[in-house]
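**Q** work12.cif is the file, holding mmCIF, C-alpha atoms:
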data_work
loop_
_atom_site.label_atom_id
_atom_site.label_comp_id
_atom_site.auth_asym_id
_atom_site.auth_seq_id
_atom_site.Cartn_x
_atom_site.Cartn_y
_atom_site.Cartn_z
CA ASP A 27 -38.34 68.89 -32.16
CA ALA A 28 -36.39 66.46 -30.02
CA GLU A 29 -32.64 66.79 -30.25
CA ILE A 30 -29.31 65.98 -28.66
CA THR A 31 -26.91 68.82 -27.90
CA GLN A 32 -23.32 69.00 -26.73
CA SER A 33 -21.37 71.81 -25.11
CA PRO A 34 -18.94 73.31 -25.53
CA ARG A 35 -18.44 72.70 -29.25
CA HIS A 36 -14.75 73.54 -28.99
CA LYS A 37 -12.49 73.45 -25.95
CA ILE A 38 -8.79 74.03 -25.40
CA THR A 39 -7.39 73.02 -22.05
CA GLU A 40 -4.05 72.34 -20.42
CA THR A 41 -2.58 69.03 -19.37
CA GLY A 42 -3.66 68.03 -15.88
CA ARG A 43 -6.85 70.07 -15.73
CA GLN A 44 -10.26 68.54 -15.09
CA VAL A 45 -12.66 69.00 -17.99
CA THR A 46 -16.37 68.22 -18.25
CA LEU A 47 -18.20 67.87 -21.56
CA ALA A 48 -21.97 68.18 -21.46
CA CYS A 49 -24.52 66.09 -23.34
CA HIS A 50 -28.26 66.79 -23.19
CA GLN A 51 -31.02 64.97 -25.08
CA THR A 52 -34.72 65.70 -25.29
CA TRP A 53 -35.65 62.41 -26.98
CA ASN A 54 -36.43 60.87 -23.56
CA HIS A 55 -34.12 58.00 -24.51
CA ASN A 56 -32.97 55.60 -21.82
CA ASN A 57 -29.63 54.80 -23.47
CA MET A 58 -26.80 57.29 -23.81
CA PHE A 59 -23.25 56.85 -25.09
CA TRP A 60 -19.96 58.71 -25.35
CA TYR A 61 -17.56 58.03 -28.24
CA ARG A 62 -14.28 59.53 -29.32
CA GLN A 63 -13.23 59.78 -32.93
CA ASP A 64 -9.59 59.79 -33.98
CA LEU A 65 -7.88 59.40 -37.33
CA GLY A 66 -6.92 55.78 -37.83
CA HIS A 67 -9.15 54.52 -35.01
CA GLY A 68 -12.64 55.45 -36.11
CA LEU A 69 -15.33 55.76 -33.44
CA ARG A 70 -14.59 54.12 -30.10
CA LEU A 71 -16.93 53.76 -27.15
CA ILE A 72 -15.84 55.45 -23.91
CA HIS A 73 -18.78 55.01 -21.50
CA TYR A 74 -22.46 54.28 -21.75
CA SER A 75 -25.60 54.30 -19.63
CA TYR A 76 -28.85 52.35 -19.92
CA GLY A 77 -30.75 54.54 -17.47
CA VAL A 78 -30.61 56.80 -14.42
CA GLN A 79 -27.86 55.77 -11.98
CA ASP A 80 -26.52 53.22 -14.48
CA THR A 81 -23.04 53.69 -15.99
CA ASN A 82 -20.73 51.26 -17.76
CA LYS A 83 -17.22 51.30 -19.19
CA GLY A 84 -16.58 51.06 -22.88
CA GLU A 85 -13.43 50.02 -24.70
CA VAL A 86 -11.42 53.21 -23.96
CA SER A 87 -12.65 54.32 -20.53
CA ASP A 88 -9.34 54.97 -18.76
CA GLY A 89 -9.09 58.60 -17.63
CA TYR A 90 -12.80 59.29 -18.16
CA SER A 91 -15.87 59.13 -15.94
CA VAL A 92 -19.62 59.70 -16.35
CA SER A 93 -22.61 60.07 -14.09
CA ARG A 94 -26.33 59.77 -14.88
CA SER A 95 -28.54 61.63 -12.41
CA ASN A 96 -31.46 62.15 -14.81
CA THR A 97 -32.71 60.86 -18.14
CA GLU A 98 -31.66 63.88 -20.19
CA ASP A 99 -27.96 64.34 -19.29
CA LEU A 100 -24.76 62.30 -19.39
CA PRO A 101 -21.75 64.55 -18.67
CA LEU A 102 -18.29 63.18 -19.51
CA THR A 103 -15.43 64.17 -17.18
CA LEU A 104 -11.75 63.96 -17.92
CA GLU A 105 -10.23 63.71 -14.47
CA SER A 106 -6.77 64.97 -15.45
CA ALA A 107 -6.56 65.85 -19.12
CA ALA A 108 -3.72 64.35 -21.16
CA SER A 109 -2.52 65.16 -24.68
CA SER A 110 -3.64 61.68 -25.75
CA GLN A 111 -7.21 62.79 -25.04
CA THR A 112 -7.13 65.39 -27.79
CA SER A 113 -9.98 64.19 -29.96
CA VAL A 114 -13.49 64.81 -31.20
CA TYR A 115 -16.08 63.57 -28.71
CA PHE A 116 -19.58 62.50 -29.70
CA CYS A 117 -22.55 61.82 -27.50
CA ALA A 118 -25.38 59.58 -28.74
CA SER A 119 -28.69 58.28 -27.46
CA SER A 120 -31.09 55.49 -28.34
CA THR A 121 -34.23 53.85 -27.08
CA GLY A 122 -35.30 50.30 -26.49
CA LEU A 123 -33.32 47.11 -26.65
CA ALA A 124 -31.78 47.72 -30.07
CA GLY A 125 -32.86 51.15 -31.21
CA ALA A 126 -31.29 53.48 -33.72
CA GLN A 127 -28.60 55.73 -32.25
CA TYR A 128 -28.73 59.47 -32.78
CA PHE A 129 -25.62 61.58 -32.42
CA GLY A 130 -24.93 65.04 -31.10
CA PRO A 131 -22.87 67.57 -33.09
CA GLY A 132 -19.59 66.71 -31.35
CA THR A 133 -17.06 68.54 -29.17
CA ARG A 134 -13.54 69.14 -30.44
CA LEU A 135 -11.19 68.98 -27.44
CA THR A 136 -7.55 70.02 -27.61
CA VAL A 137 -5.25 69.31 -24.67
CA THR A 138 -2.04 71.35 -24.78
CA GLY B 13 -15.19 40.36 -30.73
CA ILE B 14 -17.20 41.06 -33.80
CA GLN B 15 -15.31 42.50 -36.77
CA VAL B 16 -16.78 45.01 -39.20
CA GLU B 17 -15.17 45.67 -42.56
CA GLN B 18 -16.23 48.27 -45.08
CA SER B 19 -15.33 48.56 -48.72
CA PRO B 20 -14.13 50.38 -50.63
CA PRO B 21 -12.20 52.65 -48.27
CA ASP B 22 -12.36 55.50 -50.77
CA LEU B 23 -14.65 56.24 -53.69
CA ILE B 24 -14.52 59.22 -56.05
CA LEU B 25 -17.39 59.76 -58.48
CA GLN B 26 -18.89 62.39 -60.70
CA GLU B 27 -22.20 63.96 -59.85
CA GLY B 28 -25.07 61.83 -61.16
CA ALA B 29 -23.29 58.50 -60.79
CA ASN B 30 -24.58 55.59 -58.73
CA SER B 31 -22.58 53.87 -56.00
CA THR B 32 -22.67 50.79 -53.80
CA LEU B 33 -20.96 50.62 -50.43
CA ARG B 34 -20.48 47.31 -48.67
CA CYS B 35 -20.32 46.32 -44.99
CA ASN B 36 -19.27 42.81 -43.93
CA PHE B 37 -19.55 41.60 -40.36
CA SER B 38 -18.10 38.52 -38.74
CA ASP B 39 -20.94 37.31 -36.53
CA SER B 40 -24.72 37.20 -36.34
CA VAL B 41 -26.33 40.53 -35.56
CA ASN B 42 -29.84 41.66 -34.73
CA ASN B 43 -29.40 45.18 -35.96
CA LEU B 44 -27.21 47.17 -38.30
CA GLN B 45 -27.07 50.91 -38.72
CA TRP B 46 -25.69 53.10 -41.49
CA PHE B 47 -24.44 56.61 -40.73
CA HIS B 48 -23.26 59.51 -42.86
CA GLN B 49 -20.63 61.89 -41.50
CA ASN B 50 -20.74 65.07 -43.55
CA PRO B 51 -17.70 67.26 -44.21
CA TRP B 52 -18.61 69.37 -41.15
CA GLY B 53 -18.34 66.32 -38.91
CA GLN B 54 -22.00 65.76 -38.15
CA LEU B 55 -23.08 62.10 -37.89
CA ILE B 56 -26.51 61.35 -39.30
CA ASN B 57 -28.33 58.06 -38.86
CA LEU B 58 -29.39 56.95 -42.33
CA PHE B 59 -30.84 53.51 -41.75
CA TYR B 60 -31.59 51.11 -38.97
CA ILE B 61 -31.79 47.87 -40.93
CA PRO B 62 -31.40 44.49 -39.21
CA SER B 63 -32.59 42.68 -42.33
CA GLY B 64 -34.33 43.27 -45.63
CA THR B 65 -34.37 46.46 -47.68
CA LYS B 66 -35.27 50.04 -46.85
CA GLN B 67 -35.39 53.09 -49.07
CA ASN B 68 -35.22 56.78 -48.29
CA GLY B 69 -35.24 58.95 -51.40
CA ARG B 70 -32.09 58.31 -53.44
CA LEU B 71 -30.63 56.09 -50.74
CA SER B 72 -31.47 52.49 -50.05
CA ALA B 73 -29.95 49.76 -47.92
CA THR B 74 -30.14 46.00 -47.93
CA THR B 75 -28.98 43.68 -45.16
CA VAL B 76 -28.62 39.95 -45.71
CA ALA B 77 -28.13 38.82 -42.14
CA THR B 78 -27.66 35.14 -43.01
CA GLU B 79 -24.70 36.03 -45.24
CA ARG B 80 -23.39 38.73 -42.89
CA TYR B 81 -23.30 41.75 -45.14
CA SER B 82 -25.14 44.95 -45.86
CA LEU B 83 -25.12 47.23 -48.89
CA LEU B 84 -25.82 50.94 -49.11
CA TYR B 85 -26.90 52.22 -52.52
CA ILE B 86 -26.73 55.86 -53.52
CA SER B 87 -28.34 56.76 -56.81
CA SER B 88 -27.88 59.94 -58.85
CA SER B 89 -25.16 61.19 -56.49
CA GLN B 90 -25.04 64.83 -55.49
CA THR B 91 -22.11 66.80 -54.09
CA THR B 92 -23.94 66.91 -50.76
CA ASP B 93 -23.58 63.12 -50.55
CA SER B 94 -19.85 63.56 -49.98
CA GLY B 95 -18.49 62.48 -46.63
CA VAL B 96 -17.75 59.27 -44.78
CA TYR B 97 -20.26 56.45 -44.53
CA PHE B 98 -20.08 54.15 -41.53
CA CYS B 99 -21.88 50.95 -40.75
CA ALA B 100 -22.18 49.76 -37.16
CA VAL B 101 -23.38 46.58 -35.47
CA PRO B 102 -23.90 45.60 -31.82
CA ILE B 103 -20.76 44.42 -30.06
CA ILE B 104 -22.69 41.32 -29.06
CA GLN B 105 -26.14 40.28 -30.23
CA GLY B 106 -28.84 42.14 -28.35
CA ALA B 107 -26.50 44.77 -26.94
CA GLN B 108 -26.86 48.48 -27.44
CA LYS B 109 -23.11 49.05 -27.70
CA LEU B 110 -22.03 49.45 -31.31
CA VAL B 111 -18.87 48.54 -33.17
CA PHE B 112 -18.17 50.80 -36.13
CA GLY B 113 -16.45 49.96 -39.37
CA GLN B 114 -13.59 52.16 -40.55
CA GLY B 115 -15.85 53.89 -43.05
CA THR B 116 -15.98 54.58 -46.78
CA ARG B 117 -14.94 58.08 -47.81
CA LEU B 118 -17.14 59.18 -50.71
CA THR B 119 -16.22 62.22 -52.80
CA ILE B 120 -18.72 63.47 -55.39
CA ASN B 121 -17.21 65.89 -57.86
CA PRO B 122 -19.40 68.41 -59.73
#
What would the structure in this file look like if it were written as structure tokens?
**A**
Amino acid sequence: DAEITQSPRHKITETGRQVTLACHQTWNHNNMFWYRQDLGHGLRLIHYSYGVQDTNKGEVSDGYSVSRSNTEDLPLTLESAASSQTSVYFCASSTGLAGAQYFGPGTRLTVT
Amino acid sequence: GIQVEQSPPDLILQEGANSTLRCNFSDSVNNLQWFHQNPWGQLINLFYIPSGTKQNGRLSATTVATERYSLLYISSSQTTDSGVYFCAVPIIQGAQKLVFGQGTRLTINP
């Protein structure tokens, strides 16, 4: 069955370190998204991609970057982790112009 | 930008009860999605419903796009229905980027 996976599921890192969160989907979806979820803020879009070599900033993109070298993967990199980036991160994918989005299981990141 | 409001913010019911969750949005949309986040944090897409009514077992959803609202109905609630229900709409019409409501936290007691 097609699925979307994230790794690691839990990560503890120190302030200032570079961290990369992986997202892999086997749906063959063109569109992929990264969200963060925080109490009081709900789900907020970080970056998104509509296809290979395409990346775009979302509403909370500062301090994050993504790259899309193939259809299946959209890794999220925190260039220099900050305590404000402690959060739960979700990856999602969808197809078509307005398709349903399907979410990965999430990664809980703690920056100490 | 488009605003999404969900009500009620919290709902506590006994097992077997029925419930209706509401999602209001401030602008025209060409799709609306309902998600369930279970107590373990997993987000499940329940419905993709730009207009009309869809049913999936005990759950059904209705979107009235002209009046800018959607309703999620849960019948004969079970404890496994507990969690947070989110609706989401495109940030602008035709876009893939979604704006999420703040959610309705549903607790089903045995």
**Q** Show me, as a list in words, the residues that have an atom within 8 Å of region 88-98 of chain B when counting only C-alpha atoms, minus same-chain residues fewer than 6 positions from it.
**A**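 Neighbouring residues, sequence-local ones excluded: Gln18, Gln26, Glu27, Gly28, Ala29, Asn30, Ser31, Trp46, Phe47, His48, Gln49, Asn50, Pro51, Arg70, Phe112, Gly113, Gln114, Gly115, Thr116, Arg117, Leu118, Thr119, Ile120, Asn121 and Pro122 of chain B.
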**Q** Could you tell me, as a ChimeraX atom specification, exactly which residues end up selected when the PyMOL selection byres ((chain A) within 10 of (chain B)) is applied to this structure?
**A** /A:57-59,65-71,73-76,84,114,116,118-132
**Q** Out of B:Glu17, B:Ser63, B:Ser38, B:Cys99, which residue has the shortest atom-to-atom distance to Arg80 (chain B) when counting all atoms listed in the file?
**A**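 When distances to Arg80 (chain B) are compared using all atoms listed in the file, the smallest one comes from B:Ser38.
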**Q** Using only C-alpha atoms, which of B:Tyr81, B:Val101, B:Leu71, B:Ile86 sits nearest Arg34 (chain B)?
**A**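 Among B:Tyr81, B:Val101, B:Leu71, B:Ile86, it is B:Tyr81 that comes nearest to Arg34 (chain B).
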**Q** Listed atoms of region 122-133 of chain A, axis-aligned box, 3 Å per side: centre and edge lengths to one decimal in Å, as lines of an AutoDock Vina configuration file?
**A**
center_x = -26.2
center_y = 57.8
center_z = -30.1
size_x = 24.2
size_y = 27.4
size_z = 13.2
**Q** In Å, how far is it from CA of Val16 (chain B) to CA of Gln67 (chain B)?
**A**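 Distance reported for this atom pair: 22.6 Å.
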**Q** Identify, on the basis of all atoms listed in the file, every residue whose closest approach to Gln44 (chain A) does not exceed 9 Å; exclude the query and any residue fewer than 2 positions from it along the same chain; express the result as a compact mmCIF listing (two decimals) with C-alpha atoms, in the coordinates of the input.
**A**
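Result file selection-v7.txt:
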# COMPACT_ATOMS: atom_id res chain seq x y z
CA THR A 39 -7.39 73.02 -22.05
CA THR A 41 -2.58 69.03 -19.37
CA GLY A 42 -3.66 68.03 -15.88
CA THR A 46 -16.37 68.22 -18.25
CA THR A 103 -15.43 64.17 -17.18
CA LEU A 104 -11.75 63.96 -17.92
CA GLU A 105 -10.23 63.71 -14.47
CA SER A 106 -6.77 64.97 -15.45
CA ALA A 107 -6.56 65.85 -19.12
